[in-house]
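Asker: What follows is upload39.txt; its format and atoms are compact mmCIF, N, CA and C atoms.
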# COMPACT_ATOMS: atom_id res chain seq x y z
N MET B 1 -1.59 -5.81 9.12
CA MET B 1 -0.93 -4.55 8.85
C MET B 1 0.58 -4.75 8.76
N LYS B 2 1.08 -5.65 9.61
CA LYS B 2 2.51 -5.92 9.60
C LYS B 2 2.96 -6.42 8.23
N ALA B 3 2.11 -7.26 7.60
CA ALA B 3 2.45 -7.79 6.27
C ALA B 3 2.51 -6.67 5.24
N VAL B 4 1.60 -5.70 5.34
CA VAL B 4 1.60 -4.58 4.40
C VAL B 4 2.89 -3.78 4.54
N TRP B 5 3.25 -3.44 5.79
CA TRP B 5 4.47 -2.67 6.02
C TRP B 5 5.69 -3.43 5.55
N LEU B 6 5.72 -4.72 5.88
CA LEU B 6 6.86 -5.53 5.49
C LEU B 6 6.97 -5.61 3.97
N SER B 7 5.84 -5.81 3.31
CA SER B 7 5.84 -5.88 1.85
C SER B 7 6.31 -4.58 1.22
N LEU B 8 5.75 -3.47 1.69
CA LEU B 8 6.15 -2.18 1.13
C LEU B 8 7.60 -1.86 1.45
N PHE B 9 8.01 -2.17 2.68
CA PHE B 9 9.40 -1.92 3.05
C PHE B 9 10.34 -2.69 2.14
N HIS B 10 10.04 -3.97 1.95
CA HIS B 10 10.89 -4.77 1.08
C HIS B 10 10.84 -4.29 -0.36
N LEU B 11 9.66 -3.96 -0.83
CA LEU B 11 9.52 -3.52 -2.21
C LEU B 11 10.38 -2.30 -2.51
N PHE B 12 10.39 -1.35 -1.60
CA PHE B 12 11.10 -0.09 -1.86
C PHE B 12 12.54 -0.08 -1.36
N THR B 13 12.89 -1.02 -0.49
CA THR B 13 14.23 -1.00 0.08
C THR B 13 15.11 -2.10 -0.49
N PHE B 14 14.66 -3.33 -0.39
CA PHE B 14 15.52 -4.45 -0.73
C PHE B 14 15.42 -4.89 -2.18
N SER B 15 14.30 -4.65 -2.83
CA SER B 15 14.15 -5.12 -4.21
C SER B 15 15.24 -4.59 -5.12
N PRO B 16 15.51 -3.30 -5.14
CA PRO B 16 16.59 -2.83 -6.01
C PRO B 16 17.95 -3.40 -5.60
N LEU B 17 18.17 -3.55 -4.28
CA LEU B 17 19.44 -4.08 -3.82
C LEU B 17 19.60 -5.55 -4.21
N ALA B 18 18.53 -6.32 -4.04
CA ALA B 18 18.60 -7.74 -4.42
C ALA B 18 18.81 -7.88 -5.91
N ALA B 19 18.17 -7.04 -6.68
CA ALA B 19 18.34 -7.10 -8.12
C ALA B 19 19.78 -6.79 -8.51
N GLN B 20 20.40 -5.84 -7.82
CA GLN B 20 21.79 -5.50 -8.10
C GLN B 20 22.71 -6.66 -7.75
N GLU B 21 22.41 -7.33 -6.62
CA GLU B 21 23.26 -8.44 -6.20
C GLU B 21 23.21 -9.58 -7.20
N THR B 22 22.08 -9.79 -7.83
CA THR B 22 21.95 -10.89 -8.78
C THR B 22 22.34 -10.45 -10.18
N GLY B 23 22.77 -9.19 -10.33
CA GLY B 23 23.21 -8.70 -11.62
C GLY B 23 22.06 -8.29 -12.54
N ARG B 24 20.86 -8.27 -12.00
CA ARG B 24 19.71 -7.89 -12.81
C ARG B 24 19.14 -6.59 -12.28
N LYS B 25 18.57 -5.83 -13.19
CA LYS B 25 17.96 -4.56 -12.81
C LYS B 25 16.52 -4.83 -12.38
N PHE B 26 16.15 -4.28 -11.24
CA PHE B 26 14.78 -4.44 -10.76
C PHE B 26 13.83 -3.65 -11.64
N SER B 27 12.75 -4.29 -12.03
CA SER B 27 11.73 -3.65 -12.84
C SER B 27 10.42 -3.65 -12.07
N PRO B 28 9.95 -2.47 -11.61
CA PRO B 28 8.67 -2.42 -10.90
C PRO B 28 7.52 -2.94 -11.75
N GLU B 29 7.58 -2.68 -13.06
CA GLU B 29 6.51 -3.14 -13.95
C GLU B 29 6.48 -4.66 -14.02
N LYS B 30 7.65 -5.27 -14.11
CA LYS B 30 7.73 -6.73 -14.16
C LYS B 30 7.27 -7.32 -12.83
N PHE B 31 7.71 -6.71 -11.74
CA PHE B 31 7.31 -7.16 -10.41
C PHE B 31 5.78 -7.12 -10.29
N GLN B 32 5.18 -6.01 -10.72
CA GLN B 32 3.72 -5.85 -10.64
C GLN B 32 3.03 -6.90 -11.50
N ALA B 33 3.52 -7.10 -12.72
CA ALA B 33 2.90 -8.07 -13.63
C ALA B 33 2.99 -9.49 -13.05
N GLU B 34 4.15 -9.84 -12.51
CA GLU B 34 4.31 -11.17 -11.91
C GLU B 34 3.40 -11.34 -10.70
N MET B 35 3.28 -10.29 -9.89
CA MET B 35 2.41 -10.37 -8.72
C MET B 35 0.95 -10.54 -9.14
N GLU B 36 0.52 -9.77 -10.12
CA GLU B 36 -0.86 -9.87 -10.58
C GLU B 36 -1.15 -11.24 -11.18
N GLN B 37 -0.20 -11.77 -11.92
CA GLN B 37 -0.37 -13.10 -12.51
C GLN B 37 -0.47 -14.15 -11.39
N PHE B 38 0.38 -14.04 -10.40
CA PHE B 38 0.38 -14.96 -9.27
C PHE B 38 -0.95 -14.87 -8.52
N ILE B 39 -1.39 -13.66 -8.21
CA ILE B 39 -2.65 -13.47 -7.49
C ILE B 39 -3.82 -14.03 -8.30
N THR B 40 -3.84 -13.75 -9.58
CA THR B 40 -4.92 -14.24 -10.44
C THR B 40 -5.01 -15.75 -10.38
N LYS B 41 -3.86 -16.40 -10.50
CA LYS B 41 -3.83 -17.87 -10.48
C LYS B 41 -4.21 -18.40 -9.10
N GLU B 42 -3.56 -17.88 -8.07
CA GLU B 42 -3.76 -18.39 -6.71
C GLU B 42 -5.19 -18.16 -6.20
N ALA B 43 -5.78 -17.03 -6.55
CA ALA B 43 -7.13 -16.71 -6.08
C ALA B 43 -8.19 -17.23 -7.04
N GLY B 44 -7.77 -17.76 -8.18
CA GLY B 44 -8.72 -18.30 -9.16
C GLY B 44 -9.60 -17.23 -9.77
N LEU B 45 -9.02 -16.06 -10.06
CA LEU B 45 -9.81 -14.98 -10.64
C LEU B 45 -10.06 -15.25 -12.12
N THR B 46 -11.27 -14.96 -12.55
CA THR B 46 -11.59 -15.05 -13.98
C THR B 46 -11.05 -13.80 -14.66
N ALA B 47 -11.06 -13.79 -15.98
CA ALA B 47 -10.60 -12.61 -16.73
C ALA B 47 -11.46 -11.41 -16.39
N ASP B 48 -12.76 -11.61 -16.26
CA ASP B 48 -13.67 -10.51 -15.93
C ASP B 48 -13.40 -9.99 -14.51
N GLU B 49 -13.20 -10.89 -13.57
CA GLU B 49 -12.90 -10.48 -12.19
C GLU B 49 -11.58 -9.72 -12.13
N SER B 50 -10.58 -10.21 -12.84
CA SER B 50 -9.28 -9.53 -12.86
C SER B 50 -9.40 -8.13 -13.44
N ALA B 51 -10.18 -8.01 -14.50
CA ALA B 51 -10.35 -6.71 -15.15
C ALA B 51 -11.01 -5.70 -14.22
N LYS B 52 -11.88 -6.16 -13.35
CA LYS B 52 -12.56 -5.27 -12.40
C LYS B 52 -11.72 -5.04 -11.14
N PHE B 53 -11.00 -6.08 -10.73
CA PHE B 53 -10.28 -6.01 -9.47
C PHE B 53 -8.98 -5.22 -9.54
N PHE B 54 -8.13 -5.51 -10.52
CA PHE B 54 -6.77 -4.95 -10.50
C PHE B 54 -6.69 -3.43 -10.63
N PRO B 55 -7.59 -2.78 -11.34
CA PRO B 55 -7.53 -1.30 -11.29
C PRO B 55 -7.71 -0.76 -9.87
N LEU B 56 -8.62 -1.36 -9.11
CA LEU B 56 -8.82 -0.95 -7.71
C LEU B 56 -7.58 -1.28 -6.87
N TYR B 57 -7.04 -2.44 -7.10
CA TYR B 57 -5.85 -2.89 -6.37
C TYR B 57 -4.67 -1.95 -6.62
N ARG B 58 -4.46 -1.59 -7.89
CA ARG B 58 -3.35 -0.68 -8.22
C ARG B 58 -3.57 0.70 -7.60
N GLU B 59 -4.82 1.13 -7.58
CA GLU B 59 -5.17 2.42 -6.97
C GLU B 59 -4.83 2.39 -5.48
N MET B 60 -5.17 1.30 -4.81
CA MET B 60 -4.86 1.15 -3.39
C MET B 60 -3.34 1.18 -3.18
N GLN B 61 -2.61 0.43 -3.99
CA GLN B 61 -1.16 0.39 -3.86
C GLN B 61 -0.54 1.77 -4.06
N GLN B 62 -1.06 2.52 -5.02
CA GLN B 62 -0.53 3.86 -5.29
C GLN B 62 -0.71 4.77 -4.07
N LYS B 63 -1.87 4.69 -3.44
CA LYS B 63 -2.12 5.50 -2.24
C LYS B 63 -1.23 5.06 -1.09
N GLN B 64 -1.06 3.76 -0.93
CA GLN B 64 -0.20 3.25 0.13
C GLN B 64 1.26 3.65 -0.11
N ARG B 65 1.68 3.58 -1.36
CA ARG B 65 3.06 3.94 -1.70
C ARG B 65 3.36 5.39 -1.35
N ALA B 66 2.40 6.27 -1.61
CA ALA B 66 2.59 7.69 -1.31
C ALA B 66 2.78 7.90 0.19
N ILE B 67 2.01 7.19 0.98
CA ILE B 67 2.14 7.30 2.43
C ILE B 67 3.45 6.68 2.89
N PHE B 68 3.78 5.52 2.33
CA PHE B 68 5.01 4.85 2.72
C PHE B 68 6.22 5.72 2.42
N GLU B 69 6.16 6.46 1.34
CA GLU B 69 7.29 7.33 0.97
C GLU B 69 7.55 8.36 2.07
N LYS B 70 6.49 8.86 2.69
CA LYS B 70 6.66 9.79 3.81
C LYS B 70 7.37 9.10 4.97
N VAL B 71 6.96 7.88 5.27
CA VAL B 71 7.56 7.13 6.37
C VAL B 71 9.03 6.85 6.07
N ARG B 72 9.32 6.48 4.84
CA ARG B 72 10.70 6.18 4.46
C ARG B 72 11.59 7.39 4.66
N LYS B 73 11.10 8.55 4.26
CA LYS B 73 11.89 9.78 4.44
C LYS B 73 12.12 10.07 5.92
N GLU B 74 11.13 9.81 6.75
CA GLU B 74 11.28 10.04 8.19
C GLU B 74 12.29 9.06 8.80
N GLY B 75 12.52 7.94 8.13
CA GLY B 75 13.48 6.96 8.62
C GLY B 75 14.89 7.50 8.66
N PHE B 76 15.15 8.56 7.92
CA PHE B 76 16.48 9.16 7.89
C PHE B 76 16.65 10.25 8.95
N VAL B 77 15.55 10.61 9.59
CA VAL B 77 15.58 11.63 10.63
C VAL B 77 16.11 11.01 11.91
N LYS B 78 17.06 11.68 12.52
CA LYS B 78 17.63 11.22 13.79
C LYS B 78 17.20 12.19 14.89
N PRO B 79 16.15 11.82 15.64
CA PRO B 79 15.69 12.71 16.71
C PRO B 79 16.79 12.95 17.74
N VAL B 80 16.80 14.17 18.25
CA VAL B 80 17.87 14.55 19.18
C VAL B 80 17.48 14.47 20.65
N ASP B 81 16.17 14.38 20.91
CA ASP B 81 15.74 14.30 22.31
C ASP B 81 14.46 13.47 22.41
N ASP B 82 14.00 13.25 23.62
CA ASP B 82 12.82 12.42 23.84
C ASP B 82 11.56 13.02 23.21
N ALA B 83 11.44 14.32 23.25
CA ALA B 83 10.25 14.97 22.67
C ALA B 83 10.20 14.71 21.16
N ALA B 84 11.33 14.83 20.50
CA ALA B 84 11.38 14.58 19.06
C ALA B 84 11.13 13.10 18.76
N CYS B 85 11.65 12.23 19.60
CA CYS B 85 11.40 10.79 19.43
C CYS B 85 9.91 10.49 19.58
N ARG B 86 9.31 11.09 20.56
CA ARG B 86 7.88 10.88 20.80
C ARG B 86 7.07 11.33 19.58
N LYS B 87 7.40 12.51 19.05
CA LYS B 87 6.69 13.02 17.88
C LYS B 87 6.84 12.08 16.69
N LEU B 88 8.02 11.57 16.50
CA LEU B 88 8.27 10.65 15.39
C LEU B 88 7.45 9.37 15.55
N VAL B 89 7.42 8.83 16.75
CA VAL B 89 6.63 7.62 17.02
C VAL B 89 5.14 7.91 16.78
N GLU B 90 4.67 9.05 17.25
CA GLU B 90 3.26 9.41 17.06
C GLU B 90 2.92 9.57 15.58
N ARG B 91 3.84 10.17 14.80
CA ARG B 91 3.61 10.30 13.35
C ARG B 91 3.58 8.94 12.68
N ARG B 92 4.47 8.06 13.11
CA ARG B 92 4.48 6.70 12.54
C ARG B 92 3.19 5.97 12.87
N ASP B 93 2.71 6.12 14.10
CA ASP B 93 1.44 5.50 14.49
C ASP B 93 0.30 6.03 13.64
N ALA B 94 0.28 7.33 13.45
CA ALA B 94 -0.77 7.95 12.64
C ALA B 94 -0.70 7.45 11.19
N THR B 95 0.50 7.29 10.70
CA THR B 95 0.68 6.81 9.34
C THR B 95 0.20 5.37 9.21
N GLU B 96 0.50 4.54 10.19
CA GLU B 96 0.04 3.15 10.16
C GLU B 96 -1.48 3.09 10.16
N LEU B 97 -2.11 3.95 10.97
CA LEU B 97 -3.57 4.00 10.99
C LEU B 97 -4.12 4.45 9.63
N GLU B 98 -3.46 5.42 9.04
CA GLU B 98 -3.87 5.89 7.72
C GLU B 98 -3.76 4.77 6.68
N MET B 99 -2.68 4.00 6.74
CA MET B 99 -2.50 2.87 5.83
C MET B 99 -3.62 1.84 6.04
N LYS B 100 -3.94 1.57 7.27
CA LYS B 100 -4.98 0.59 7.58
C LYS B 100 -6.34 1.08 7.10
N LYS B 101 -6.61 2.38 7.21
CA LYS B 101 -7.87 2.93 6.72
C LYS B 101 -7.98 2.77 5.20
N ILE B 102 -6.89 3.02 4.51
CA ILE B 102 -6.88 2.84 3.06
C ILE B 102 -7.16 1.38 2.73
N GLN B 103 -6.48 0.50 3.43
CA GLN B 103 -6.67 -0.93 3.19
C GLN B 103 -8.13 -1.33 3.43
N LYS B 104 -8.70 -0.88 4.52
CA LYS B 104 -10.10 -1.21 4.83
C LYS B 104 -11.05 -0.65 3.78
N THR B 105 -10.82 0.59 3.37
CA THR B 105 -11.66 1.20 2.34
C THR B 105 -11.62 0.39 1.05
N TYR B 106 -10.43 -0.03 0.66
CA TYR B 106 -10.31 -0.79 -0.59
C TYR B 106 -10.80 -2.22 -0.45
N HIS B 107 -10.69 -2.80 0.72
CA HIS B 107 -11.27 -4.13 0.91
C HIS B 107 -12.78 -4.06 0.69
N GLU B 108 -13.40 -3.00 1.17
CA GLU B 108 -14.85 -2.81 0.94
C GLU B 108 -15.14 -2.69 -0.55
N LYS B 109 -14.29 -1.97 -1.28
CA LYS B 109 -14.47 -1.84 -2.73
C LYS B 109 -14.25 -3.18 -3.42
N PHE B 110 -13.31 -3.97 -2.92
CA PHE B 110 -13.06 -5.28 -3.50
C PHE B 110 -14.30 -6.17 -3.39
N PHE B 111 -15.03 -6.04 -2.26
CA PHE B 111 -16.24 -6.84 -2.08
C PHE B 111 -17.30 -6.51 -3.13
N ASP B 112 -17.22 -5.33 -3.71
CA ASP B 112 -18.17 -4.95 -4.76
C ASP B 112 -17.89 -5.65 -6.08
N VAL B 113 -16.65 -6.13 -6.27
CA VAL B 113 -16.30 -6.75 -7.55
C VAL B 113 -15.93 -8.23 -7.42
N LEU B 114 -15.71 -8.70 -6.19
CA LEU B 114 -15.35 -10.10 -5.95
C LEU B 114 -16.13 -10.65 -4.75
N PRO B 115 -16.39 -11.94 -4.75
CA PRO B 115 -16.97 -12.53 -3.54
C PRO B 115 -15.95 -12.46 -2.40
N ALA B 116 -16.43 -12.44 -1.17
CA ALA B 116 -15.56 -12.33 0.00
C ALA B 116 -14.50 -13.43 0.03
N SER B 117 -14.87 -14.64 -0.41
CA SER B 117 -13.91 -15.74 -0.41
C SER B 117 -12.72 -15.44 -1.32
N LYS B 118 -12.98 -14.80 -2.44
CA LYS B 118 -11.88 -14.47 -3.36
C LYS B 118 -11.07 -13.27 -2.84
N VAL B 119 -11.71 -12.35 -2.15
CA VAL B 119 -10.96 -11.24 -1.55
C VAL B 119 -9.96 -11.81 -0.55
N LEU B 120 -10.41 -12.74 0.28
CA LEU B 120 -9.50 -13.37 1.23
C LEU B 120 -8.38 -14.11 0.50
N GLN B 121 -8.71 -14.83 -0.56
CA GLN B 121 -7.69 -15.55 -1.33
C GLN B 121 -6.68 -14.58 -1.96
N VAL B 122 -7.15 -13.43 -2.41
CA VAL B 122 -6.25 -12.41 -2.97
C VAL B 122 -5.27 -11.93 -1.90
N ILE B 123 -5.78 -11.61 -0.72
CA ILE B 123 -4.94 -11.12 0.38
C ILE B 123 -3.88 -12.17 0.74
N GLN B 124 -4.30 -13.41 0.85
CA GLN B 124 -3.37 -14.48 1.19
C GLN B 124 -2.36 -14.72 0.07
N ALA B 125 -2.80 -14.64 -1.18
CA ALA B 125 -1.91 -14.85 -2.32
C ALA B 125 -0.85 -13.74 -2.37
N GLU B 126 -1.26 -12.50 -2.11
CA GLU B 126 -0.31 -11.40 -2.11
C GLU B 126 0.77 -11.62 -1.05
N GLU B 127 0.36 -12.05 0.14
CA GLU B 127 1.33 -12.31 1.20
C GLU B 127 2.29 -13.42 0.80
N ARG B 128 1.76 -14.51 0.20
CA ARG B 128 2.63 -15.61 -0.24
C ARG B 128 3.59 -15.13 -1.32
N PHE B 129 3.11 -14.32 -2.24
CA PHE B 129 3.95 -13.82 -3.32
C PHE B 129 5.13 -13.02 -2.76
N HIS B 130 4.84 -12.13 -1.84
CA HIS B 130 5.91 -11.30 -1.25
C HIS B 130 6.91 -12.17 -0.48
N ARG B 131 6.41 -13.08 0.32
CA ARG B 131 7.33 -13.95 1.08
C ARG B 131 8.23 -14.74 0.14
N ARG B 132 7.66 -15.35 -0.87
CA ARG B 132 8.44 -16.15 -1.82
C ARG B 132 9.40 -15.30 -2.63
N THR B 133 8.93 -14.16 -3.06
CA THR B 133 9.79 -13.29 -3.88
C THR B 133 11.03 -12.88 -3.12
N PHE B 134 10.86 -12.42 -1.90
CA PHE B 134 12.00 -11.94 -1.14
C PHE B 134 12.89 -13.09 -0.69
N ARG B 135 12.31 -14.22 -0.39
CA ARG B 135 13.12 -15.40 -0.06
C ARG B 135 13.93 -15.82 -1.29
N ASN B 136 13.29 -15.84 -2.44
CA ASN B 136 13.98 -16.24 -3.67
C ASN B 136 15.02 -15.23 -4.10
N TRP B 137 14.74 -13.93 -3.91
CA TRP B 137 15.74 -12.93 -4.25
C TRP B 137 16.97 -13.09 -3.38
N GLY B 138 16.75 -13.45 -2.13
CA GLY B 138 17.87 -13.70 -1.24
C GLY B 138 18.71 -14.88 -1.69
N GLN B 139 18.08 -15.77 -2.45
CA GLN B 139 18.79 -16.94 -2.99
C GLN B 139 19.27 -16.69 -4.41
N GLY B 140 19.04 -15.47 -4.93
CA GLY B 140 19.51 -15.13 -6.26
C GLY B 140 18.54 -15.45 -7.37
N ASN B 141 17.27 -15.68 -7.06
CA ASN B 141 16.28 -15.98 -8.09
C ASN B 141 15.05 -15.12 -7.85
N GLY B 142 14.76 -14.23 -8.76
CA GLY B 142 13.64 -13.30 -8.58
C GLY B 142 12.32 -13.77 -9.13
N HIS B 143 12.16 -15.08 -9.38
CA HIS B 143 10.92 -15.57 -9.99
C HIS B 143 10.29 -16.65 -9.12
N PRO B 144 9.39 -16.24 -8.19
CA PRO B 144 8.84 -17.18 -7.23
C PRO B 144 8.02 -18.29 -7.88
N GLN B 145 7.31 -18.00 -8.96
CA GLN B 145 6.46 -19.00 -9.55
C GLN B 145 7.26 -20.11 -10.24
N ARG B 146 8.52 -19.91 -10.47
CA ARG B 146 9.35 -20.93 -11.10
C ARG B 146 9.93 -21.90 -10.08
N GLN B 147 9.72 -21.64 -8.82
CA GLN B 147 10.27 -22.49 -7.77
C GLN B 147 9.35 -23.64 -7.41
N GLY B 148 8.26 -23.80 -8.08
CA GLY B 148 7.30 -24.82 -7.73
C GLY B 148 6.21 -24.24 -6.88
N HIS B 149 5.10 -24.93 -6.84
CA HIS B 149 3.93 -24.41 -6.16
C HIS B 149 3.88 -24.99 -4.75
N GLN B 150 4.02 -24.12 -3.75
CA GLN B 150 3.95 -24.54 -2.36
C GLN B 150 2.98 -23.63 -1.64
N LYS B 151 2.23 -24.19 -0.74
CA LYS B 151 1.32 -23.38 0.08
C LYS B 151 1.66 -23.51 1.51
Turn the structure described in the file into structure tokens.
Answerer:
Amino acid sequence: MKAVWLSLFHLFTFSPLAAQETGRKFSPEKFQAEMEQFITKEAGLTADESAKFFPLYREMQQKQRAIFEKVRKEGFVKPVDDAACRKLVERRDATELEMKKIQKTYHEKFFDVLPASKVLQVIQAEERFHRRTFRNWGQGNGHPQRQGHQK
């Protein structure tokens, strides 16, 4: 779950900033295409598997993004007392559980279109993509696959 939050946090917070620092405009479409290409290669998905998998994957991301947007907005709220702090923490906990439920629901759907071994490879590839992308953006290069293949 930590990886999901970290990935979404970076995607919506640092990606545009990193793109500005390198003089390039962040493109969510390009980011998505590069991630899907990376996942396809790393998980060894066939064209047929990709065609079945990525619509579900994008649907999951869209639902997670909507929830994350609520959390991001709450990040600007400055609670004034312990009761308000407690409520904010409880809402964040509930949101994390909601994100995890979405993830679990979609993992079950992924099993319908991919073998379990490939679902695991997809999850691991996504994590590697995000780590490399943000590390490379910090170094001024937004293209993780051009840095060589490391596992």
Asker: I want to know what sits within 8 Å of stretch 34-37 of chain B, based on only C-alpha atoms, with residues of the same chain fewer than 5 positions away left out; could you give that as a PyMOL selection string?
Answerer: chain B and resi 54+126+129
Asker: To one decimal place in Å, what is the distance between atom CA of B:Ala47 and atom CA of B:Lys109?
Answerer: 18.1 Å
Asker: One decimal, in Å: what's the spacing between atom CA of B:Phe31 and atom CA of B:Asp93?
Answerer: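 Taking atom CA of B:Phe31 as the start and atom CA of B:Asp93 as the end point, the length is 28.5 Å.
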Asker: With only C-alpha atoms as the basis for distance, which of B:Asp82, B:Glu49, B:Glu98, B:Glu42 is at the shortest distance from B:Gln64?
Answerer: B:Glu98
Asker: Rank B:Arg131, B:Lys25, B:Lys41, B:His107 by their smallest atom-to-atom distance to B:Val119, using only N, CA and C atoms, and report the top residue only.
Answerer: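 Going through B:Arg131, B:Lys25, B:Lys41, B:His107 one by one, the smallest distance to B:Val119 is for B:His107.
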Asker: Of the residues B:Val77, B:Ile123, B:Ala83, B:Ile67, which is the one nearest to B:Thr95, using all atoms listed in the file?
Answerer: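 Ranked by minimum distance to B:Thr95, first place goes to B:Ile67.
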